[in-house]
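**Q** One structure, as structure tokens, below. Some questions next.
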Amino acid sequence: MSTILQVSSRMRQCANSLESSSIQAALIGPHAKILRSKIIPTPTVMTETNSRHLSSIQHNPRWRASGVLDSYIAQPAHPISLRQLVFFGGRNLDDKKIINSANYVRTELPLRIAHRIRDMQKLPYVVVTNRHLSAVYELYYKAFESFRKIPEIKSLEDNEKFCEIVKTALQEHLTVIPSLAMGVLECNDLVPSHELDRFMNVILRSRISRRVIAEQHLALTDTFNSPFHFPDSVSHQPHEFVGEVFLRCNAREVVEQVGKHTLELAREANGSTSPIPEIQIEGRLDTTFPYIPSHLEYIIGELLRNSIQATIDHHTPLSTSSLPPIKVLICHTKEHIIFRVSDQGGGIPVTELAHLWSFAKAPRAANYLQNFSHVPKMAATLQELQKTAHTHSRRESMDTSLSRLTSRPPNLRLGMGLPMSRVYAEYWAGSLELHSLDGYGTDVFLQVSKLGNKCVLFADGVPS
């Protein structure tokens with residue numbers, strides 16, 4: 001009898017061991033070799049790299065059954081264009097449209113989040129257990145479980161409850177971008193940079209898309225609840241905004257307002273007596289187009305920030321009077337608006353050009369990671385527009401979003417400005433290119449779609 005009990009006990013131990021191994025294998029995915037080479041200790045002295053990642057291993061993502069997640073991943077996301085947002089929200093906003101919008105957001109959010117959870121599950125185990133990326137993983141799974149369980153919205157009362165859930169989720173996810181950035185910087189020596197960059201591009205574009213549809217619905221709900229959409233108040237309706245979309249975004253005004261703000265930050269960082277370059281705007285100054293202001297403001301803000309600080313750094317030791325101006329040229333074609341930002345800030349060294357658009361920033365990862373400790377909130381830095389109350393005047397919303405531009409000193413570099421700006425530019429099928437003349441300056445070309453009729457594109461070219 002004792003022999004039988006011993007055999008039974010050994011069988012249970014083997015079963016538990018196999019179960020643990022199978023769960024770990026499911027999380028590891030196709031990167032078992034990386035795991036073995038990075039996690040399994042060797043008799044040799046622990047390297048600095050392994051020591052740095054030791055604390056990360058403590059943050060193992062909680063295992064969950066994948067059946068429900070698989071059912072969502074099997075469904076494609078439904079792309080949407082800027083024109084569709086305007087068309088849907090700009091005509092005869094009524095109860096039915098609000099409820100339809102709510103149900104669209106209700107079904108799209110868990111679907112899009114599920115795809116990004118699977119992307120994280122495909123990362124090497126040593127990467128996904130990084131404490132920063134593990135925190136993002138848990139936030140995403142919490143949001144997925146929350147949104148997938150929301151029943152169909154059938155009334156305006158249901159929509160009000162739904163909006164509160166959306167607002168809470170948006171607020172909770174304000175920590176996602178800094179967590180992603182720090183996680184990628186810490187793991188840059190574990191995975192090839194191009195894989196980390198592709199992961200970051202896909203997950204960030206998806207994140208922007210979710211916030212766009214969520215914030216658009218919140219804005220439409222606020223518009224519907226205001227007195228301005230009723231027939232007897234039609235003369236007071238702010239026609240220039242449809243939700244978060246500004247129908248007549250003026251290129252010159254955006255550059256002027258963002259430029260004023262970045263120059264003020266530069267004066268604060270460098271001292272009131274330090275020379276600051278002037279910003280000159282040229283070209284088609286009357287250009288207007290439909291766009292989401294926060295996206296354009298963030299891109300222009302980062303480009304001007306880089307040019308201003310580069311010009312100051314390059315010329316200040318040699319000049320105490322005036323600095324070469326930064327010139328912004330605005331032009332448009334039949335389908336596009338083009339901004340060219342030109343400076344004489346010395347250009348970019350050839351050795352840095354290869355990593356210019358990378359989030360991993362291998363050569364300078366440690367410096368950027370250290371700088372993150374000086375930025376308490378990335379919400380302001382990255383134009384995360386989580387308004388507690390949308391105003392009736394959407395023009396006032398532009399000022400609110402502008403006031404939440406980055407408040408960090410221009411000389412505190414995080415290494416995210418250009419790659420994040422490209423993500424925002426390409427979100428609506430635009431582009432961002434940089435040409436540098438080392439020793440002289442740079443020209444940056446931002447192109448945005450004038451008609452706003454192209455769907456959101458992801459890094460692999462698939463609309464989502």
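Starting from 1 in every chain, residues are counted up; chains themselves are A, B, ... following the order of the structure tokens, and ligands are numbered from 1 as listed.
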From stretch 167-281 of chain A, collect each residue whose DSSP state is strand (DSSP E or B) and return the set as a PyMOL selection string.

**A** chain A and resi 241-242+245-250+279-281

**Q** Could those selected residues go to a file with N, CA, C and O atoms, as a short mmCIF file (atom, residue, chain, number, x, y, z; two decimals), in the first residue's frame?

**A**
```cif
data_model
loop_
_atom_site.label_atom_id
_atom_site.label_comp_id
_atom_site.auth_asym_id
_atom_site.auth_seq_id
_atom_site.Cartn_x
_atom_site.Cartn_y
_atom_site.Cartn_z
N PHE A 241 -16.34 72.25 -35.11
CA PHE A 241 -15.94 71.00 -34.49
C PHE A 241 -17.01 69.94 -34.65
O PHE A 241 -18.20 70.22 -34.52
N VAL A 242 -16.58 68.71 -34.95
CA VAL A 242 -17.44 67.54 -34.88
C VAL A 242 -16.76 66.56 -33.94
O VAL A 242 -15.81 65.89 -34.32
N VAL A 245 -12.84 66.36 -33.90
CA VAL A 245 -12.32 66.76 -35.21
C VAL A 245 -12.60 68.24 -35.46
O VAL A 245 -13.76 68.68 -35.43
N PHE A 246 -11.56 69.00 -35.72
CA PHE A 246 -11.69 70.42 -36.05
C PHE A 246 -11.74 70.55 -37.56
O PHE A 246 -10.78 70.21 -38.26
N LEU A 247 -12.87 71.02 -38.08
CA LEU A 247 -13.09 71.04 -39.53
C LEU A 247 -12.24 72.06 -40.25
O LEU A 247 -11.90 71.88 -41.43
N ARG A 248 -11.87 73.13 -39.57
CA ARG A 248 -11.10 74.20 -40.21
C ARG A 248 -9.81 74.47 -39.41
O ARG A 248 -9.59 75.55 -38.90
N CYS A 249 -9.01 73.43 -39.31
CA CYS A 249 -7.74 73.55 -38.61
C CYS A 249 -6.82 74.46 -39.43
O CYS A 249 -6.52 74.17 -40.59
N ASN A 250 -6.41 75.58 -38.85
CA ASN A 250 -5.60 76.56 -39.57
C ASN A 250 -4.12 76.28 -39.30
O ASN A 250 -3.66 76.35 -38.16
N ILE A 279 10.92 82.24 -34.78
CA ILE A 279 10.22 81.31 -35.66
C ILE A 279 9.52 82.12 -36.75
O ILE A 279 8.66 82.96 -36.46
N GLN A 280 9.89 81.88 -38.00
CA GLN A 280 9.31 82.57 -39.15
C GLN A 280 8.42 81.61 -39.94
O GLN A 280 8.85 80.51 -40.27
N ILE A 281 7.19 82.05 -40.22
CA ILE A 281 6.23 81.21 -40.94
C ILE A 281 6.04 81.77 -42.34
O ILE A 281 5.78 82.97 -42.52
#
```

**Q** I want to know what sits within 10 Å of A:Ile203, based on only C-alpha atoms, with residues of the same chain fewer than 5 positions away left out; could you give that as a list in words?

**A**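 Listing them by chain and then by number gives Arg112, Ile113, His115, Arg116, Ile117, Asp119, Met120, Ile177, Leu180, Asp197, Arg198, Ile208, Ser209, Phe458 and Ala459 of chain A.
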
**Q** Give me a file of those residues, with C-alpha atoms, as a PDB file, in the first residue's frame.

**A**
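Written file, selection.pdb:
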```pdb
ATOM      1  CA  ARG A 112      -8.418  45.965 -30.658  1.00  0.00           C
ATOM      2  CA  ILE A 113      -7.074  45.439 -27.143  1.00  0.00           C
ATOM      3  CA  HIS A 115      -4.881  41.941 -30.717  1.00  0.00           C
ATOM      4  CA  ARG A 116      -2.357  43.955 -28.736  1.00  0.00           C
ATOM      5  CA  ILE A 117      -2.448  41.510 -25.812  1.00  0.00           C
ATOM      6  CA  ASP A 119       1.328  40.877 -29.571  1.00  0.00           C
ATOM      7  CA  MET A 120       2.682  41.108 -26.030  1.00  0.00           C
ATOM      8  CA  ILE A 177       3.361  55.216 -22.892  1.00  0.00           C
ATOM      9  CA  LEU A 180       6.226  51.020 -22.728  1.00  0.00           C
ATOM     10  CA  ASP A 197      10.412  49.145 -32.914  1.00  0.00           C
ATOM     11  CA  ARG A 198       7.823  47.195 -34.860  1.00  0.00           C
ATOM     12  CA  ILE A 208      -4.077  56.123 -30.593  1.00  0.00           C
ATOM     13  CA  SER A 209      -6.894  54.550 -32.605  1.00  0.00           C
ATOM     14  CA  PHE A 458      -0.623  50.082 -39.008  1.00  0.00           C
ATOM     15  CA  ALA A 459       3.048  49.278 -39.386  1.00  0.00           C
TER      16      ALA A 459
END
```

**Q** Interatomic distance between atom CA of A:Ala251 and atom CA of A:Gly301?

**A**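 So the two atoms, atom CA of A:Ala251 and atom CA of A:Gly301, lie 12.9 Å apart.
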
**Q** With distances taken over only C-alpha atoms, which of A:Gly243, A:Arg305, A:Asp313, A:Ser71 is nearest to A:Ala219?

**A**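 When distances to A:Ala219 are compared using only C-alpha atoms, the smallest one comes from A:Gly243.
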
**Q** Using only C-alpha atoms, what does the table of stretch 171-236 of chain A residues within 8 Å of stretch 353-362 of chain A look like, with each row giving the shortest atom pair and its distance in Å to one decimal, sorted by chain and ascending number, as a tab-separated table?

**A**
```
residue	atom	partner	partner_atom	distance
A:Ala181	CA	A:Phe359	CA	7.2
A:Val184	CA	A:Ala360	CA	5.9
A:Leu185	CA	A:Ala360	CA	5.3
A:Asn188	CA	A:Ala360	CA	5.5
A:Asp189	CA	A:Ala362	CA	7.6
A:Ser193	CA	A:Ala360	CA	5.9
A:His194	CA	A:Ser358	CA	7.8
A:Leu196	CA	A:Ala360	CA	6.8
A:Asp197	CA	A:Phe359	CA	5.9
A:Met200	CA	A:Phe359	CA	7.4
```

**Q** Grab the atom CA of A:Phe224 to atom CA of A:Leu111 distance for me, in Å with one decimal place.

**A**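 So the answer is 26.6 Å.
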
**Q** List as a PyMOL selection string the protein and nucleic acid residues near A:Arg210, meaning an atom at most 12 Å away when only C-alpha atoms are counted, but skip any in the same chain fewer than 2 places from it.

**A** chain A and resi 77-80+104-114+116+140+143+166+169-170+173+203-208+212-217+427+456+464

**Q** What's around A:Leu303 at 9 Å? Count only C-alpha atoms, leave out sequence neighbours fewer than 4 positions away in its own chain, and write the answer as a list in words.

**A**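 So the residues in contact are Tyr298, Ile299, Ser307, Ile308, Val341, Gly417, Leu418, Ser421 and Val444 of chain A.
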
**Q** What would the file look like if the residues just selected were written as a short mmCIF file (atom, residue, chain, number, x, y, z; two decimals), in the first residue's frame with N, CA, C and O atoms?

**A**
```cif
data_model
loop_
_atom_site.label_atom_id
_atom_site.label_comp_id
_atom_site.auth_asym_id
_atom_site.auth_seq_id
_atom_site.Cartn_x
_atom_site.Cartn_y
_atom_site.Cartn_z
N TYR A 298 0.99 68.13 -31.23
CA TYR A 298 2.09 67.35 -30.67
C TYR A 298 3.25 67.26 -31.66
O TYR A 298 4.42 67.46 -31.29
N ILE A 299 2.96 66.95 -32.92
CA ILE A 299 4.02 66.79 -33.91
C ILE A 299 4.79 68.10 -34.10
O ILE A 299 6.02 68.13 -34.02
N SER A 307 14.31 71.79 -32.99
CA SER A 307 15.01 72.82 -33.75
C SER A 307 15.49 73.96 -32.85
O SER A 307 16.60 74.47 -33.00
N ILE A 308 14.64 74.37 -31.92
CA ILE A 308 15.00 75.47 -31.01
C ILE A 308 16.21 75.08 -30.17
O ILE A 308 17.19 75.83 -30.08
N VAL A 341 10.02 72.28 -41.67
CA VAL A 341 10.65 72.98 -40.55
C VAL A 341 12.16 72.95 -40.79
O VAL A 341 12.78 71.88 -40.79
N GLY A 417 10.65 61.80 -29.15
CA GLY A 417 9.97 62.85 -29.90
C GLY A 417 9.74 62.53 -31.36
O GLY A 417 8.61 62.58 -31.85
N LEU A 418 10.81 62.19 -32.08
CA LEU A 418 10.68 61.91 -33.50
C LEU A 418 9.93 60.62 -33.80
O LEU A 418 9.01 60.63 -34.64
N SER A 421 6.33 61.24 -33.06
CA SER A 421 5.75 62.16 -34.04
C SER A 421 5.43 61.44 -35.34
O SER A 421 4.41 61.70 -35.98
N VAL A 444 12.92 69.14 -41.86
CA VAL A 444 11.96 68.08 -41.55
C VAL A 444 10.68 68.35 -42.32
O VAL A 444 10.16 69.48 -42.31
#
```

**Q** Using only C-alpha atoms, determine which residues lie at most 7 Å from A:Asp443, disregarding the query and same-chain residues fewer than 2 positions distant; provide the list as a VMD selection string.

**A** chain A and resid 340 to 343 434 to 436 445

**Q** Using C-alpha atoms, can you export the residues from the last selection as a short mmCIF file (atom, residue, chain, number, x, y, z; two decimals), in the first residue's frame?

**A**
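The result, stored in selection.cif:
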```cif
data_model
loop_
_atom_site.label_atom_id
_atom_site.label_comp_id
_atom_site.auth_asym_id
_atom_site.auth_seq_id
_atom_site.Cartn_x
_atom_site.Cartn_y
_atom_site.Cartn_z
CA ARG A 340 8.77 72.07 -43.74
CA VAL A 341 10.65 72.98 -40.55
CA SER A 342 14.18 74.23 -41.31
CA ASP A 343 16.89 75.14 -38.82
CA LEU A 434 14.10 64.31 -41.99
CA HIS A 435 17.09 65.47 -44.03
CA SER A 436 20.23 66.48 -42.17
CA PHE A 445 8.98 67.45 -43.83
#
```

**Q** Would you mind reading off the distance between atom CA of A:Pro178 and atom CA of A:Val191, one decimal, in Å?

**A**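 According to the coordinates, atom CA of A:Pro178 and atom CA of A:Val191 are separated by 19.1 Å.
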
**Q** Which of stretch 152-320 of chain A counts as helix (DSSP H, G or I) under DSSP, as a PyMOL selection string please?

**A** chain A and resi 156-186+193-225+227-229+231-236+251-270+293-315

**Q** Residues within 8 Å of A:Thr287, please, as number ranges by chain. Count only C-alpha atoms; anything in the same chain fewer than 2 positions from it doesn't count.

**A** A: 250-252, 284-285, 289, 330-332

**Q** Given the choices A:Gln257, A:Thr175, A:Ser101, A:Ser294, which gets closest to A:Leu156 if the distance is worked out from only C-alpha atoms?

**A** A:Ser101
